[in-house]
Every structure is written in C-alpha cells, then in structure tokens.
Amino acid sequence: MKVWIDADACPRMVKELIFKASFRLKVDVCLVANSYMQIPQAPNISLIQVEKGDDMADFYIVEHLSANDLVVTADIPLASLVVEKDATAINPRGEIYTEENIRERLSVRNFMQELRDSGVETGGPPPLGAKDKEQFANAFDRIMTKLLK
C-alpha cells in the first residue's frame with residue numbers, strides 16, 4: 001500500500017499531515033511533481049520529479065499505482081483515472097472520489113472550464129482553512145484504517 005501525492009498543487013499542511021501519518025503507520029509515501037521540493041529524510045518518503053508539462057505527474061501516478069493505493073489530488077481528471085483503476089482518491093479538503101460522484105465532478109469541472117474559456121470570471125475555491133484540515137485528517141484516517149486492514 002502506498003500513498004501518492006500529486007505534489008505540485010498539494011497544500012503544505014496536507015503534505016505535513018500525510019508525513020506524520022506515514023511515520024506513525026509506517027506507510028510508503030511518494031510525492032510526484034514537476035519541480036524539486038523539500039521532503040523529510042525518511043526511508044518511506046520519496047519524491048519523483050517528472051519532466052515539466054501538462055499532466056506528466058498524473059501520467060506517472062496512474063502508470064505506477066496499484067488498486068490498494070491512495071492518491072491525494074485536487075485534479076478531477078486524475079481522480080477519475082484513479083477510480084477507474086479501482087484505487088482510492090481523495091482531495092485536500094477530505095472529499096473521497098467515488099464511481100458515483102466522479103462523473104458529476106468532471107461535468108462541473110468541464111462546465112466551469114467552458115465558462116472560463118468564454119471569458120467569464122469564475123474565481124477559484126476558497127483557501128483551505130482549519131475546518132478543511134480537520135475534514136482531510138478525518139477522511140484520511142478513515143481511508144488508511146480501511147486500506148491497512
């Protein structure tokens with residue numbers, strides 16, 4: 001079992017929660033990013049730096065993940081591919097992507113992209129706060145308990 005982090009856009013507080021859990025649970029964590037980043041010096045935490053380009057980290061994660069793995073990402077198309085491979089995906093706000101909700105998320109994402117492409121200012125999600133951190137931590141703990149059984 002491995003935790004994959006789509007690391008370029010993952011908030012620091014989420015990565016730190018995962019690092020702490022990996023020490024406690026002795027679970028492998030792999031960050032995949034287009035650029036170098038500091039990670040804790042630990043045998044179970046690694047960084048894979050992929051070449052720059054759209055979706056290069058996504059392609060790497062999908063190619064290397066197993067069904068018992070967990071992927072942390074806010075990237076809905078990546079989450080869809082993870083779900084298709086029978087693995088688990090969660091976003092930094094603690095929402096677990098499932099076969100039931102991923103189509104709706106993709107539809108909303110595509111609609112918002114069409115609005116942006118036509119010049120409509122849609123804004124982005126609000127910054128992560130303490131409540132989001134708590135929701136992520138709780139969902140992450142539930143998933144890890146289930147996957148480590």
# chains A, B, ... in the order shown; residues from 1 in each chain; ligands from 1
$ select_by_dssp --residues "chain A" --states "helix (DSSP H, G or I)" --output "VMD selection string"
chain A and resid 12 to 25 56 to 64 76 to 84 99 to 117 130 to 147
$ write_last_selection --atoms "C-alpha atoms" --output "JSON list (two decimals), in the first residue's frame"
[["chain", "number", "residue", "atom", "x", "y", "z"],
["A", 12, "ARG", "CA", 1.77, 22.13, 2.63],
["A", 13, "MET", "CA", -0.49, 21.41, 5.62],
["A", 14, "VAL", "CA", -1.96, 18.38, 3.81],
["A", 15, "LYS", "CA", 1.51, 17.04, 2.97],
["A", 16, "GLU", "CA", 2.60, 17.52, 6.59],
["A", 17, "LEU", "CA", -0.42, 15.55, 7.88],
["A", 18, "ILE", "CA", 0.45, 12.73, 5.47],
["A", 19, "PHE", "CA", 4.12, 12.75, 6.52],
["A", 20, "LYS", "CA", 3.15, 12.44, 10.20],
["A", 21, "ALA", "CA", 0.77, 9.59, 9.41],
["A", 22, "SER", "CA", 3.42, 7.82, 7.35],
["A", 23, "PHE", "CA", 5.83, 7.88, 10.30],
["A", 24, "ARG", "CA", 3.13, 6.59, 12.64],
["A", 25, "LEU", "CA", 1.73, 3.92, 10.29],
["A", 56, "MET", "CA", 3.17, 14.49, -16.62],
["A", 57, "ALA", "CA", 2.79, 13.85, -12.86],
["A", 58, "ASP", "CA", -0.71, 12.48, -13.44],
["A", 59, "PHE", "CA", 0.52, 10.05, -16.09],
["A", 60, "TYR", "CA", 3.31, 8.85, -13.80],
["A", 61, "ILE", "CA", 0.95, 8.25, -10.88],
["A", 62, "VAL", "CA", -1.63, 6.37, -12.96],
["A", 63, "GLU", "CA", 1.06, 4.22, -14.56],
["A", 64, "HIS", "CA", 2.57, 3.18, -11.23],
["A", 76, "ILE", "CA", -10.50, 15.72, -11.06],
["A", 77, "PRO", "CA", -9.39, 14.05, -14.32],
["A", 78, "LEU", "CA", -6.57, 12.33, -12.39],
["A", 79, "ALA", "CA", -9.02, 11.27, -9.68],
["A", 80, "SER", "CA", -11.26, 9.80, -12.38],
["A", 81, "LEU", "CA", -8.37, 7.68, -13.72],
["A", 82, "VAL", "CA", -7.51, 6.55, -10.19],
["A", 83, "VAL", "CA", -11.11, 5.46, -9.56],
["A", 84, "GLU", "CA", -11.13, 3.61, -12.90],
["A", 99, "GLU", "CA", -17.58, 6.00, -9.09],
["A", 100, "GLU", "CA", -20.84, 7.63, -8.01],
["A", 101, "ASN", "CA", -19.56, 11.21, -7.70],
["A", 102, "ILE", "CA", -16.68, 11.45, -10.18],
["A", 103, "ARG", "CA", -18.88, 11.90, -13.28],
["A", 104, "GLU", "CA", -20.68, 14.83, -11.65],
["A", 105, "ARG", "CA", -17.34, 16.39, -10.60],
["A", 106, "LEU", "CA", -16.00, 16.03, -14.15],
["A", 107, "SER", "CA", -19.16, 17.56, -15.59],
["A", 108, "VAL", "CA", -18.99, 20.58, -13.26],
["A", 109, "ARG", "CA", -15.25, 20.97, -13.97],
["A", 110, "ASN", "CA", -15.82, 20.90, -17.72],
["A", 111, "PHE", "CA", -18.71, 23.38, -17.46],
["A", 112, "MET", "CA", -16.56, 25.78, -15.41],
["A", 113, "GLN", "CA", -13.75, 25.43, -17.96],
["A", 114, "GLU", "CA", -16.18, 26.34, -20.76],
["A", 115, "LEU", "CA", -17.23, 29.44, -18.80],
["A", 116, "ARG", "CA", -13.60, 30.46, -18.27],
["A", 117, "ASP", "CA", -12.80, 29.83, -21.95],
["A", 130, "ALA", "CA", -8.80, 24.78, 9.82],
["A", 131, "LYS", "CA", -12.12, 23.05, 9.08],
["A", 132, "ASP", "CA", -10.76, 21.73, 5.76],
["A", 133, "LYS", "CA", -7.64, 20.45, 7.52],
["A", 134, "GLU", "CA", -9.79, 18.63, 10.06],
["A", 135, "GLN", "CA", -12.03, 17.15, 7.35],
["A", 136, "PHE", "CA", -8.99, 15.94, 5.41],
["A", 137, "ALA", "CA", -7.38, 14.43, 8.53],
["A", 138, "ASN", "CA", -10.57, 12.58, 9.47],
["A", 139, "ALA", "CA", -11.20, 11.25, 5.95],
["A", 140, "PHE", "CA", -7.52, 10.29, 5.55],
["A", 141, "ASP", "CA", -7.57, 8.36, 8.84],
["A", 142, "ARG", "CA", -10.76, 6.50, 7.83],
["A", 143, "ILE", "CA", -9.29, 5.55, 4.45],
["A", 144, "MET", "CA", -5.98, 4.42, 5.94],
["A", 145, "THR", "CA", -7.75, 2.28, 8.54],
["A", 146, "LYS", "CA", -9.75, 0.61, 5.75],
["A", 147, "LEU", "CA", -6.80, 0.13, 3.38]]
$ residues_around --residues "Trp4 of chain A" --least-positions-apart "6" --cutoff "7 Å" --atoms "only C-alpha atoms" --output "ChimeraX atom specification"
/A:29-31,70-72
$ select_by_dssp --residues "segment 10-107 of chain A" --states "strand (DSSP E or B)" --output "PyMOL selection string"
chain A and resi 28-33+45-49+70-72+88-90+96-97
$ atom_distance --atom1 "atom CA of Asp75 of chain A" --atom2 "atom CA of Ala9 of chain A"
9.0 Å
$ residues_around --residues "Ser46 of chain A" --least-positions-apart "5" --cutoff "12 Å" --atoms "only C-alpha atoms" --output "JSON, numbers by chain"
{"A": [2, 3, 4, 5, 7, 19, 22, 27, 28, 29, 30, 31, 32, 33, 36, 37, 38, 39, 40, 41]}
$ write_last_selection --atoms "C-alpha atoms" --output "compact mmCIF listing (two decimals), in the first residue's frame"
# COMPACT_ATOMS: atom_id res chain seq x y z
CA LYS A 2 1.34 3.40 -0.98
CA VAL A 3 0.13 6.98 -0.66
CA TRP A 4 0.72 9.01 -3.82
CA ILE A 5 0.63 12.80 -3.65
CA ALA A 7 2.50 17.27 -5.11
CA PHE A 19 4.12 12.75 6.52
CA SER A 22 3.42 7.82 7.35
CA VAL A 27 3.35 3.58 5.11
CA ASP A 28 5.24 4.50 1.95
CA VAL A 29 4.54 7.95 0.56
CA CYS A 30 5.56 9.08 -2.91
CA LEU A 31 5.28 12.71 -3.99
CA VAL A 32 5.20 13.25 -7.75
CA ALA A 33 5.99 16.75 -9.00
CA TYR A 36 12.10 19.74 -6.84
CA MET A 37 10.71 20.18 -3.32
CA GLN A 38 11.99 19.51 0.17
CA ILE A 39 10.71 16.34 1.80
CA PRO A 40 11.53 14.75 5.14
CA GLN A 41 14.57 12.50 5.16
$ atom_distance --atom1 "atom CA of Asp69 of chain A" --atom2 "atom CA of Pro126 of chain A"
28.2 Å
$ closest_residue --among "A:Asn34, A:Asp86, A:Pro11, A:Ser66" --to "Gly129 of chain A" --atoms "only C-alpha atoms"
A:Pro11
$ atom_distance --atom1 "atom CA of Ala67 of chain A" --atom2 "atom CA of Lys26 of chain A"
18.8 Å
